[in-house]
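Structure record follows, encoded as structure tokens.
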Amino acid sequence: MRISRSARKAIAGYVYIMPWIIGFLLFTAFPFFYSLYLSFFHVNFTVSGIETEYVGWKYYIYAFRNDTAFPLNFSNTIINIVLSTPLVVIFALIVAILLNRKLHARTFFRLLYFLPVVIISGPVISELVTNNAASIVDPRRYFIYRFFLMVPNTISYPFLYMFNNLVLILWFSGVQILFFLAGLQKISSSIYEAAQIDGANDWVIFWKITLPLVRPFVIVNTIYTIVDLASFANNPVNTSITQHMFDIDKPYSYSSALSWIYFAAVMGILGVAYMLLHERRKKKI
């Protein structure tokens, strides 16, 4: 029996992700779903072990009605993810295009942009953020920043956010640059040569050749960036979850509810991003 090409690709994909699936089933599946269970129960620690009492949606309602800090932390985190993701992806694509050109010391510059990926790992980034290392560039000194301060907030907010978080955007773009470089290097140079012979300029080549061919990498980088930003240990929601984990009156239960609220919101963002960016197949007539 002959297997179609698409089926072979699907099988190869499952083989590659099989180690992750096995690891998830062995080490992550139980705590993952157990946290969902705990979010609907009140936990008591007794001498005989953990006792649970069903409370339904109590902690989910409490998060938005009674907790004064979580709604603000939640909205700020979601806004940061939504605004930062396109900035990181666009910046990574621009840098990848520049690094893909024949430049002197090109390998050094690639290493330079990937270095922050190593720096932001673990507690190092926590210390950097705590000591305001992300604010080493003061955008208030520049005219363009002061100009946007005079513009209505609904228009200026995305631009002011970009200027205020410029260093963080640079920190979170290392892996995405490598992904885009891999995609750009798969494009045959003969395609660009043929376009230039036909009189296409760099702008037309980018929109008609480069961007369509790296579109799958745009989707991958967008999903990766959303997950990367959402799992950032120092964002307000993750900090709030950690702080409530060992509450005396509601240990584990409330933090589990916060985790699942956050998880649902991030999955919603991922779903919207995929629907906006995935390539729609034309129906055959």
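Just so we're on the same page: first chain in the structure tokens is A, next is B, and so on; residues restart at 1 for each chain, and ligands are numbered from 1 in the order they show up.
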>> Just want the 12 Å neighbourhood of A:Leu72, counted on only C-alpha atoms, with same-chain residues fewer than 6 positions away dropped. Output as a ChimeraX atom specification.
In response: /A:63-65,78-79,236-237,240
For those residues, write N, CA and C atoms to a file as a short mmCIF file (atom, residue, chain, number, x, y, z; two decimals), in the first residue's frame.
```cif
data_model
loop_
_atom_site.label_atom_id
_atom_site.label_comp_id
_atom_site.auth_asym_id
_atom_site.auth_seq_id
_atom_site.Cartn_x
_atom_site.Cartn_y
_atom_site.Cartn_z
N ALA A 63 -11.36 35.57 41.75
CA ALA A 63 -10.23 36.22 41.07
C ALA A 63 -10.61 37.56 40.48
N PHE A 64 -11.85 37.69 39.96
CA PHE A 64 -12.26 38.92 39.29
C PHE A 64 -13.13 39.82 40.17
N ARG A 65 -13.77 39.26 41.17
CA ARG A 65 -14.66 40.07 42.01
C ARG A 65 -14.03 40.53 43.31
N ILE A 78 -1.85 40.47 29.41
CA ILE A 78 -2.44 40.15 28.11
C ILE A 78 -2.13 41.25 27.10
N ILE A 79 -2.25 42.51 27.52
CA ILE A 79 -1.94 43.63 26.62
C ILE A 79 -0.47 43.59 26.21
N PRO A 236 3.43 39.91 35.49
CA PRO A 236 2.60 40.07 36.69
C PRO A 236 1.73 38.87 37.04
N VAL A 237 1.19 38.18 36.02
CA VAL A 237 0.31 37.04 36.32
C VAL A 237 1.09 35.89 36.92
N SER A 240 1.90 36.66 40.40
CA SER A 240 0.73 36.54 41.27
C SER A 240 0.41 35.07 41.56
#
```
>> One number please: atom CA of A:Ser173 to atom CA of A:Ile219, in Å, one decimal.
In response: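 Between atom CA of A:Ser173 and atom CA of A:Ile219 the gap is 14.5 Å.
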> Which one of A:Phe179, A:Tyr224, A:Phe148, A:Phe40 sits closest to A:Ile61 if you count only C-alpha atoms?
Replying inline: A:Phe40
Given only C-alpha atoms, how would the per-residue table for stretch 177-259 of chain A near stretch 73-77 of chain A read, listing every residue at most 12 Å away with its closest atom pair and distance in Å to one decimal, sorted by chain and number, as CSV?
```
residue,atom,partner,partner_atom,distance
A:Ile226,CA,A:Thr77,CA,11.3
A:Leu229,CA,A:Thr77,CA,9.0
A:Ala230,CA,A:Thr77,CA,7.9
A:Ser231,CA,A:Thr77,CA,10.8
A:Phe232,CA,A:Thr77,CA,10.2
A:Ala233,CA,A:Thr77,CA,11.6
A:Asn234,CA,A:Thr77,CA,10.3
A:Asn235,CA,A:Thr77,CA,6.6
A:Pro236,CA,A:Asn73,CA,5.2
A:Val237,CA,A:Phe74,CA,5.7
A:Asn238,CA,A:Thr77,CA,9.3
A:Thr239,CA,A:Asn73,CA,9.3
A:Ser240,CA,A:Asn73,CA,8.0
A:Ile241,CA,A:Asn73,CA,10.6
A:Leu258,CA,A:Phe74,CA,9.4
A:Ser259,CA,A:Phe74,CA,10.8
```
>> Residues of stretch 138-208 of chain A classed as alpha helix (DSSP H) by DSSP on the backbone are to be reported as a ChimeraX atom specification.
In response: /A:143-149,153-164,166-171,174-185,189-197,202-205
>> Can you tell me which residues surround A:Leu276 at a distance of at most 12 Å, considering only C-alpha atoms, apart from same-chain residues fewer than 5 positions away, and format the answer as a ChimeraX atom specification?
In response: /A:215,218-219,222-223,269-271
Restricting the output to C-alpha atoms, write the selected residues as a compact mmCIF listing (two decimals), in the first residue's frame.
```txt
# COMPACT_ATOMS: atom_id res chain seq x y z
CA ARG A 215 5.10 32.89 5.94
CA VAL A 218 6.02 33.84 10.67
CA ILE A 219 3.35 31.55 12.13
CA THR A 222 4.38 34.16 16.41
CA ILE A 223 3.29 31.07 18.35
CA ILE A 269 -4.54 34.52 21.80
CA LEU A 270 -2.84 31.58 20.09
CA GLY A 271 -6.08 30.63 18.37
```
>> If I take atom CA of A:Val220 and atom CA of A:Phe109, how far is one from the other in Å, to one decimal?
In response: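 Atom CA of A:Val220 sits 22.9 Å away from atom CA of A:Phe109.
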>> Report, in Å with one decimal, the straight-line distance from atom CA of A:Phe27 to atom CA of A:Gln243.
In response: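 A separation of 24.0 Å between them.
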> Looking at only C-alpha atoms, which of A:Leu87, A:Ile22, A:Ala69, A:Met245 is the one that sits closest to A:Asn165?
Replying inline: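 Selected residue with least distance to A:Asn165: A:Leu87.
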